[in-house]
Structures are given as structure tokens and as C-alpha cells.
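Here's the structure, in C-alpha cells; my notes come after.
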Amino acid sequence: MKLRTMWRHIIESLRSIKRNGWMTFAAVSAVTVTLFIVGALFTIIFNVNNVSKQIEKDVKVRVEIDVKTSRNKENTLRKEISKISGVKKVSFSSKKNELDKITKTYNSNFKMFSGDANPLSDVFIVETTSPNKTIKVAKEIRQLDNVKTAQYGGEQAKRLFKFMSEVQLWGTICIVILIAIALFLISNVIRLTILSRKSEIEAMRLVGATSWYIRWPFLLEGAETGILGSIIPIIVINWGYSVVYQQTVNGLMNAGYSLFAPGMFLFQIDLLLIVLAIIIGSLGSLVSMRRFLKI
Amino acid sequence: MIELKNVVKEYPNGITALKGIDLTIEQGEFVYIVGASGSGKSTLIKTLYREEKITSGIIKVNEYDLVRMKDRQVPYLRRELGVVFQDYRLLPRLTAYENVAYAMEVIEKRPEEIKSRVIEVLEMVGLKDKIRRYPSELSGGEQQRVAIARAITNKPSVLIADEPTGNLDPDTSNEIMEIIERINQQNTTVIMATHNQSIVNNYVHRVITIKHGHLVSDQEKGAYRYEA
């Protein structure tokens, strides 16, 4: 197709967007809501999957010691843990040390729990020789005396995965419903355009315009409606993710995990949203063209 | 050349509009198609630019076999035909110039070519002074001239006119006929469906009479017989 022709189609479709006023606004709004949910869901899913993978790779088992345990008994426990096969290294972190970590990462308000008010336990950080040993090691540690809990990354990852599969299921249901609404609204807008341009379509057909020449402006109008609907979600998600990232980066880093850095990750999410917007818009157009555009 | 062999057109509602039409029209001929309302002449006209597909038979326009051709070839067939209607069918928000130019723009002609050709055809139909007028600012006859200009701007080999003078008074009808005659003199085939007895009798050409879907007479230099 000639560039001049494409330009003509773009102008025509933009004119039509303006002409359809409130109907366009409704369709754009539907796309906006849909893409916002899609964008937020994808951002969460990608990051949770990423963190879960990091957790799964973790070779550490975190053993919280009963509060009343004496120093001697703690030492005995340490020796017993060291003897378990698959244990590479056992390091101690006092409850004061644990509180300091929290205070540093989150908020100095936690300082009020220092000294005797500290509700945390002393902790052994047990490193295993490989990630798949953590389950067995944690299990054996739980059998020992004076152990409050023994948690390993894999367990948390499993819980996260389970939670995320629920989120994914409900998110997908929401997205499917919203996409259907967006498609319905866009196809209605395009139907209006087709009806309002009936005489032009007739004239084009009679003088031998190809069917794609006639279809292009409608397809573009749908795609442009989609793109308009993607602007707000993109801005909000870019801003929101950057804020969340800034606020959590230190905490997660201390725990040894990380979210995707905003730059490239957000670029990919933005691209995904734009492509999705174009697909939804064009699909809405196609639905109407199939039903109402007789060429 | 246009060739129809045993053309039958049956609509989904069971009405048979054309019942075995045989007809050959040579390049450059002027042919009237006459007949009462509902006789099938409009259907016949529509089958020529493939607005309607025939149920059976053979129909050929120039090198196009309208029965076998694929839908995506139809635009190229229509570029060889110009079509004019009783109700003009101009685009109201475009000027006379733009209406004619539109026909060239949609088949992606070059802007320079469009400009010179549009002026040329509007001059030919006698509307050079009114190229910036909108259809609502033109009389019926002038609107029909714009419609004719639009139909011939892409230099079709066939001009199909379905009751082009149906909405016009006798004087204006004669003016339109003069224009169509001139187009025909340039070797453009003209196929014109009409009810207008005086036009058929004054501008004498071949007359094909359709009655109840049958071709009942085909006269070289014929006349419109009212009983048809």
C-alpha cells in the first residue's frame, strides 16, 4: 500500500474517532480497565515467579530456637544440626541481630522492641550442600529439641505458587470478561462508523476500491481506540511499579531476593499492553466488519 | 464486449427476476433496457457490475467471467465500468470536485493525474464553474452531471446508467442525454435502463425490452413501445 493511502486511512480513522465521541470514550474506558488489570496481574505474576525461583534455589534453612533455651542447650543443638547429612554450615544470629535487620530494612519504630521486649527468637541459619537437601534437613531439624520452627525457601515458594495460581485463575476470569466487554463496545463503535459511512462505502465499491482499501480505516479506528485505552494503564503501572520497587528493593535485597529492575521489565510490560490493545481493538473492528460491512 | 447466455437470477425469497436472458453487446454500442417496474431490468443491470450474482448461465464483461471470478477480482471489474443511478448517490460532505476526485483517490491514482482528470471531466459535463459547490448547492441535473463525471473519470469502457433521468424534467433530461451521447461517441459502451419514452424515441439506439424476466424484443434503432 502506498504511504499516501495509509496516511489517508489514518486521518479518516482519527476523524471517525472524534465523530463517535461518547461511544469512543466508553470503548476506550473499557480497554483502559482491562489493560490496567492485565498489566497489574502480569507485573505481579512475573515478579512472584521470579522471586519464587530465587527462593527455590535457596540452600538455607532458617531454624528459630525456643525462647527459653539456654546457651548450653543452644550449643548442643548447633552440634546436632551440624551432624545431619547435607548440612554444610551453621551460623548463629541472635534475636538482637534479627531485630536490627528488621529495623534497618523497614522502620526504626521497631526499635521499641529492643532489649527484653524483643519478641523474636535466636536463629540458626543452616546452609545445605544443595537446594534439594533443604526439605530433608528441615524435617530432621524439626525432630530435635528446643526447635521452634525450621523453614526452608522451597516451602515458601510452594505457598507463593499456590497463592499465585489462585490469583491467576481469578485474574484470568476477570480479564476474559473485561476483554469481552471491550470487544463489544469497540465493535459497536465500528458499527456506528460503518453505518455513518454507508454512502462512502457504496461509492468506493462502485468505483472499484479493493475490499482492504475499504476495511483499513475501520481496522485502524479499532486499533487506535485500543491504543488510546492503553495510555492510562501504561502511565499508572510504570509509576506504580517504580514506587513499589524503590520501597521494597532494600528489604528484598537483604533477604537475598530481587524484583525485576523497572527499566527493561517495564518496557516489556508496556510493549505487551500496546500489542494487546491493538489486538483487542482490531478484533472488535473485525467483529463488526464481518457483520455489517458488505463489500 | 458483454455477453450473457441463458442468465437466470433467482432471489432467496423464491422470486425469479431473470429467466434465461441471452444478450451480446459490442464495444461502443448504446443500448437501452426498457420494461415496466419489476420486469427485471434493474436486476439485469446489477448483474453486470456483479452487485448481484446470477443463479445460472454465463455472463462475461470484457475479459471477466462474472460467474467464475473470485470476489477479490470484483473491484478490478468495476474499474472498467462506470455506474450512474437515478438518485445520484453523491457524497454530501464533499464538493463536486472532491466527489469526482474521490473515485480516483480510492483506486490510488497519483494526485497530479487526479487533478487534471477531474477538471477535464467536470469541464466535459459543463460544471467547470461549480467545482467547489456541495451537492446540496446544485440542482438535480447538475448533481447527475457530477455523478456522470465521477462514473467516467477512471475512463471505463462501459457506462451503466440505471434510470439516470428518472428524477429530472424533460429539458434537463435532454442535457444529460447529450452528455451520455458524447461519452458514447468516444467508444464507451452505454447500457441505460429507462422508463423515459421520449428519450428512447428521440435518441435512437438499440432497445432491449424485458418483461417478467424474459427478453421479449431486441431492436436495432428501436423505439419504446408503451405496452412493453
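Letters A, B, ... go to the chains of the C-alpha cells in the order shown; residues in each chain start at 1; ligands are counted from 1 in the same order.
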
Using only C-alpha atoms, which chain A residues lie at most 8 Å away from chain B, written as number ranges by chain? A: 2, 5, 199-200, 203-211, 213

Take the residues just selected and output them with N, CA, C and O atoms as a JSON list (two decimals), in the first residue's frame.
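out16.json written:
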```json
[["chain", "number", "residue", "atom", "x", "y", "z"],
["A", 2, "LYS", "N", 0.40, 2.26, -0.74],
["A", 2, "LYS", "CA", 1.19, 3.49, -0.81],
["A", 2, "LYS", "C", 1.11, 4.25, 0.52],
["A", 2, "LYS", "O", 0.08, 4.21, 1.20],
["A", 5, "THR", "N", -1.73, 6.59, 0.78],
["A", 5, "THR", "CA", -3.01, 5.94, 1.06],
["A", 5, "THR", "C", -3.13, 5.63, 2.54],
["A", 5, "THR", "O", -4.18, 5.85, 3.16],
["A", 199, "SER", "N", -22.75, 5.63, 2.62],
["A", 199, "SER", "CA", -22.74, 6.13, 1.23],
["A", 199, "SER", "C", -21.32, 6.16, 0.66],
["A", 199, "SER", "O", -21.13, 5.93, -0.53],
["A", 200, "GLU", "N", -20.35, 6.43, 1.53],
["A", 200, "GLU", "CA", -18.96, 6.41, 1.05],
["A", 200, "GLU", "C", -18.54, 5.01, 0.66],
["A", 200, "GLU", "O", -17.84, 4.80, -0.34],
["A", 203, "ALA", "N", -19.96, 4.25, -2.61],
["A", 203, "ALA", "CA", -19.22, 4.93, -3.69],
["A", 203, "ALA", "C", -17.90, 4.22, -3.94],
["A", 203, "ALA", "O", -17.50, 4.01, -5.10],
["A", 204, "MET", "N", -17.22, 3.83, -2.86],
["A", 204, "MET", "CA", -15.92, 3.15, -3.02],
["A", 204, "MET", "C", -16.08, 1.83, -3.76],
["A", 204, "MET", "O", -15.29, 1.50, -4.64],
["A", 205, "ARG", "N", -17.11, 1.09, -3.39],
["A", 205, "ARG", "CA", -17.34, -0.21, -4.03],
["A", 205, "ARG", "C", -17.57, -0.03, -5.52],
["A", 205, "ARG", "O", -17.04, -0.75, -6.35],
["A", 206, "LEU", "N", -18.41, 0.98, -5.85],
["A", 206, "LEU", "CA", -18.79, 1.17, -7.25],
["A", 206, "LEU", "C", -17.62, 1.55, -8.15],
["A", 206, "LEU", "O", -17.58, 1.17, -9.31],
["A", 207, "VAL", "N", -16.69, 2.31, -7.60],
["A", 207, "VAL", "CA", -15.58, 2.74, -8.47],
["A", 207, "VAL", "C", -14.41, 1.76, -8.39],
["A", 207, "VAL", "O", -13.38, 1.99, -9.01],
["A", 208, "GLY", "N", -14.58, 0.67, -7.63],
["A", 208, "GLY", "CA", -13.57, -0.38, -7.68],
["A", 208, "GLY", "C", -12.48, -0.29, -6.64],
["A", 208, "GLY", "O", -11.35, -0.74, -6.87],
["A", 209, "ALA", "N", -12.81, 0.30, -5.46],
["A", 209, "ALA", "CA", -11.82, 0.25, -4.37],
["A", 209, "ALA", "C", -11.72, -1.20, -3.89],
["A", 209, "ALA", "O", -12.74, -1.89, -3.82],
["A", 210, "THR", "N", -10.52, -1.64, -3.58],
["A", 210, "THR", "CA", -10.38, -3.03, -3.13],
["A", 210, "THR", "C", -11.01, -3.16, -1.74],
["A", 210, "THR", "O", -11.15, -2.18, -1.01],
["A", 211, "SER", "N", -11.34, -4.40, -1.37],
["A", 211, "SER", "CA", -12.02, -4.59, -0.09],
["A", 211, "SER", "C", -11.12, -4.15, 1.07],
["A", 211, "SER", "O", -11.61, -3.60, 2.05],
["A", 213, "TYR", "N", -8.90, -1.76, 0.94],
["A", 213, "TYR", "CA", -8.88, -0.30, 0.96],
["A", 213, "TYR", "C", -10.08, 0.21, 1.78],
["A", 213, "TYR", "O", -9.97, 1.15, 2.55]]
```

Give me the residues near A:Phe92 as a ChimeraX atom specification, where near means some atom within 8 Å (using only C-alpha atoms) and where sequence neighbours in that chain fewer than 6 positions away do not count. /A:122-125

Grab the atom CA of A:Phe46 to atom CA of A:Met164 distance for me, in Å with one decimal place.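 Value for the atom CA of A:Phe46-atom CA of A:Met164 distance: 10.2 Å.
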
Residue contacts of B:Thr188 (8 Å, only C-alpha atoms) excluding same-chain residues fewer than 3 positions away, as JSON, numbers by chain: {"B": [27, 28, 29, 156, 157, 158, 159, 183, 184, 185]}

Go ahead and write the selection's residues with N, CA and C atoms as an mmCIF file, in the first residue's frame.
```cif
data_model
loop_
_atom_site.group_PDB
_atom_site.id
_atom_site.type_symbol
_atom_site.label_atom_id
_atom_site.label_comp_id
_atom_site.auth_asym_id
_atom_site.auth_seq_id
_atom_site.Cartn_x
_atom_site.Cartn_y
_atom_site.Cartn_z
ATOM 1 N N GLN B 27 -18.514 -3.595 -28.031
ATOM 2 C CA GLN B 27 -17.866 -2.401 -27.512
ATOM 3 C C GLN B 27 -18.319 -1.166 -28.297
ATOM 4 N N GLY B 28 -18.689 -0.105 -27.604
ATOM 5 C CA GLY B 28 -19.075 1.152 -28.245
ATOM 6 C C GLY B 28 -20.559 1.248 -28.566
ATOM 7 N N GLU B 29 -21.315 0.193 -28.310
ATOM 8 C CA GLU B 29 -22.764 0.246 -28.572
ATOM 9 C C GLU B 29 -23.487 1.101 -27.541
ATOM 10 N N PRO B 156 -13.836 4.338 -17.878
ATOM 11 C CA PRO B 156 -14.353 2.974 -18.005
ATOM 12 C C PRO B 156 -14.690 2.663 -19.461
ATOM 13 N N SER B 157 -14.707 1.383 -19.793
ATOM 14 C CA SER B 157 -15.074 1.032 -21.165
ATOM 15 C C SER B 157 -16.593 0.906 -21.300
ATOM 16 N N VAL B 158 -17.266 0.797 -20.129
ATOM 17 C CA VAL B 158 -18.729 0.665 -20.161
ATOM 18 C C VAL B 158 -19.344 1.648 -19.161
ATOM 19 N N LEU B 159 -20.383 2.381 -19.597
ATOM 20 C CA LEU B 159 -21.132 3.231 -18.667
ATOM 21 C C LEU B 159 -22.510 2.600 -18.469
ATOM 22 N N ILE B 183 -20.288 10.767 -24.458
ATOM 23 C CA ILE B 183 -19.450 9.716 -23.871
ATOM 24 C C ILE B 183 -19.444 8.489 -24.778
ATOM 25 N N ASN B 184 -20.624 8.160 -25.306
ATOM 26 C CA ASN B 184 -20.760 7.004 -26.196
ATOM 27 C C ASN B 184 -19.956 7.200 -27.493
ATOM 28 N N GLN B 185 -19.921 8.448 -27.949
ATOM 29 C CA GLN B 185 -19.171 8.726 -29.184
ATOM 30 C C GLN B 185 -17.673 8.503 -29.026
#
```

In terms of only C-alpha atoms, the residue from A:Thr69, A:Lys136, A:Val63, A:Asn50 at minimal distance from A:Ile84 is A:Lys136

With a distance cut-off of 8 Å and only C-alpha atoms, select the neighbouring residues of B:Glu163, excluding the residue or stretch itself and same-chain residues fewer than 3 positions from it, and output the selection as a PyMOL selection string. chain B and resi 85-86+166+192-195

For B:Thr24, please output as a list in words all residues within 8 Å (counting only C-alpha atoms; exclusion window: fewer than 6 positions along the same chain).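 Near B:Thr24, the qualifying residues are Met1, Ile2, Glu3 and Leu4 of chain B.
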
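Excluding stretch 150-163 of chain A itself and any same-chain residue fewer than 5 positions from it, the protein and nucleic acid residues within 8 Å of it, counting only C-alpha atoms, are Val48, Asn49, Ser52, Lys53, Ile55, Glu56, Lys57, Asp58, Val59, Lys60, Val61, Arg62, Val63, Glu64, Thr134, Ile135, Ala138, Lys139, Ile141 and Arg142 of chain A.
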
Where in chain B does DSSP assign helix (DSSP H, G or I), given as an MDAnalysis selection string? chainID B and resid 41:48 71:78 96:105 111:124 128:130 135:137 140:152 170:185 197:202

So how far away is atom CA of A:Ser282 from atom CA of A:Gly222, in Å?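 Atom-to-atom, atom CA of A:Gly222 to atom CA of A:Ser282, that is 4.9 Å.
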
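Nearest to B:Leu66 of all the residues B:Asp87, B:Glu10, B:Glu52, B:Glu113 is B:Glu52, counting only C-alpha atoms.
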
Can you list every residue in stretch 14-117 of chain B that DSSP puts in strand (DSSP E or B), as JSON, numbers by chain? {"B": [16, 17, 18, 19, 20, 21, 22, 23, 24, 25, 30, 31, 32, 33, 34, 56, 57, 58, 59, 60, 61, 64, 65, 81, 82, 83, 84, 85]}

Using only C-alpha atoms, please write the residues we just selected to a file, as a PDB file, in the first residue's frame.
```pdb
ATOM      1  CA  THR B  16     -37.091 -15.321 -10.345  1.00  0.00           C
ATOM      2  CA  ALA B  17     -36.111 -11.913 -11.708  1.00  0.00           C
ATOM      3  CA  LEU B  18     -34.305 -13.100 -14.847  1.00  0.00           C
ATOM      4  CA  LYS B  19     -35.464 -16.181 -16.725  1.00  0.00           C
ATOM      5  CA  GLY B  20     -32.861 -17.141 -19.290  1.00  0.00           C
ATOM      6  CA  ILE B  21     -31.542 -13.909 -20.817  1.00  0.00           C
ATOM      7  CA  ASP B  22     -29.346 -14.162 -23.946  1.00  0.00           C
ATOM      8  CA  LEU B  23     -27.657 -10.953 -24.988  1.00  0.00           C
ATOM      9  CA  THR B  24     -24.494  -9.704 -26.658  1.00  0.00           C
ATOM     10  CA  ILE B  25     -23.380  -6.070 -26.582  1.00  0.00           C
ATOM     11  CA  PHE B  30     -25.569   2.267 -26.961  1.00  0.00           C
ATOM     12  CA  VAL B  31     -28.280   0.011 -25.588  1.00  0.00           C
ATOM     13  CA  TYR B  32     -31.497   0.915 -23.817  1.00  0.00           C
ATOM     14  CA  ILE B  33     -33.031  -1.603 -21.476  1.00  0.00           C
ATOM     15  CA  VAL B  34     -36.700  -0.893 -21.146  1.00  0.00           C
ATOM     16  CA  SER B  56     -27.130 -19.960 -13.533  1.00  0.00           C
ATOM     17  CA  GLY B  57     -25.903 -19.148 -17.016  1.00  0.00           C
ATOM     18  CA  ILE B  58     -22.861 -17.306 -18.327  1.00  0.00           C
ATOM     19  CA  ILE B  59     -22.078 -13.629 -18.048  1.00  0.00           C
ATOM     20  CA  LYS B  60     -18.904 -12.032 -19.375  1.00  0.00           C
ATOM     21  CA  VAL B  61     -17.830  -8.391 -19.322  1.00  0.00           C
ATOM     22  CA  TYR B  64     -14.045 -11.003 -16.907  1.00  0.00           C
ATOM     23  CA  ASP B  65     -16.122 -14.118 -16.409  1.00  0.00           C
ATOM     24  CA  LEU B  81     -17.394   0.123 -15.518  1.00  0.00           C
ATOM     25  CA  GLY B  82     -18.929   3.448 -14.607  1.00  0.00           C
ATOM     26  CA  VAL B  83     -22.292   3.339 -12.859  1.00  0.00           C
ATOM     27  CA  VAL B  84     -24.863   6.126 -12.610  1.00  0.00           C
ATOM     28  CA  PHE B  85     -28.120   5.993 -10.641  1.00  0.00           C
TER      29      PHE B  85
END
```

For stretch 73-75 of chain A, work out the shell of residues within 9 Å, counting only C-alpha atoms and skipping chain neighbours fewer than 6 positions away, then give it as a PyMOL selection string. chain A and resi 65+145-146

Could you please take those selected residues and save N, CA, C and O atoms as a PDB file, in the first residue's frame?
```pdb
ATOM      1  N   ILE A  65      14.954 -20.832  67.406  1.00  0.00           N
ATOM      2  CA  ILE A  65      15.176 -21.592  68.619  1.00  0.00           C
ATOM      3  C   ILE A  65      14.142 -21.161  69.664  1.00  0.00           C
ATOM      4  O   ILE A  65      13.801 -19.974  69.742  1.00  0.00           O
ATOM      5  N   ASP A 145      15.170 -31.276  69.870  1.00  0.00           N
ATOM      6  CA  ASP A 145      14.632 -30.490  70.988  1.00  0.00           C
ATOM      7  C   ASP A 145      14.968 -29.009  70.812  1.00  0.00           C
ATOM      8  O   ASP A 145      15.970 -28.675  70.166  1.00  0.00           O
ATOM      9  N   ASN A 146      14.160 -28.169  71.464  1.00  0.00           N
ATOM     10  CA  ASN A 146      14.369 -26.715  71.520  1.00  0.00           C
ATOM     11  C   ASN A 146      14.248 -26.006  70.166  1.00  0.00           C
ATOM     12  O   ASN A 146      14.687 -24.867  70.012  1.00  0.00           O
TER      13      ASN A 146
END
```

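If you look at atom CA of A:Gln268 and atom CA of A:Thr248, they are 20.8 Å away from each other.
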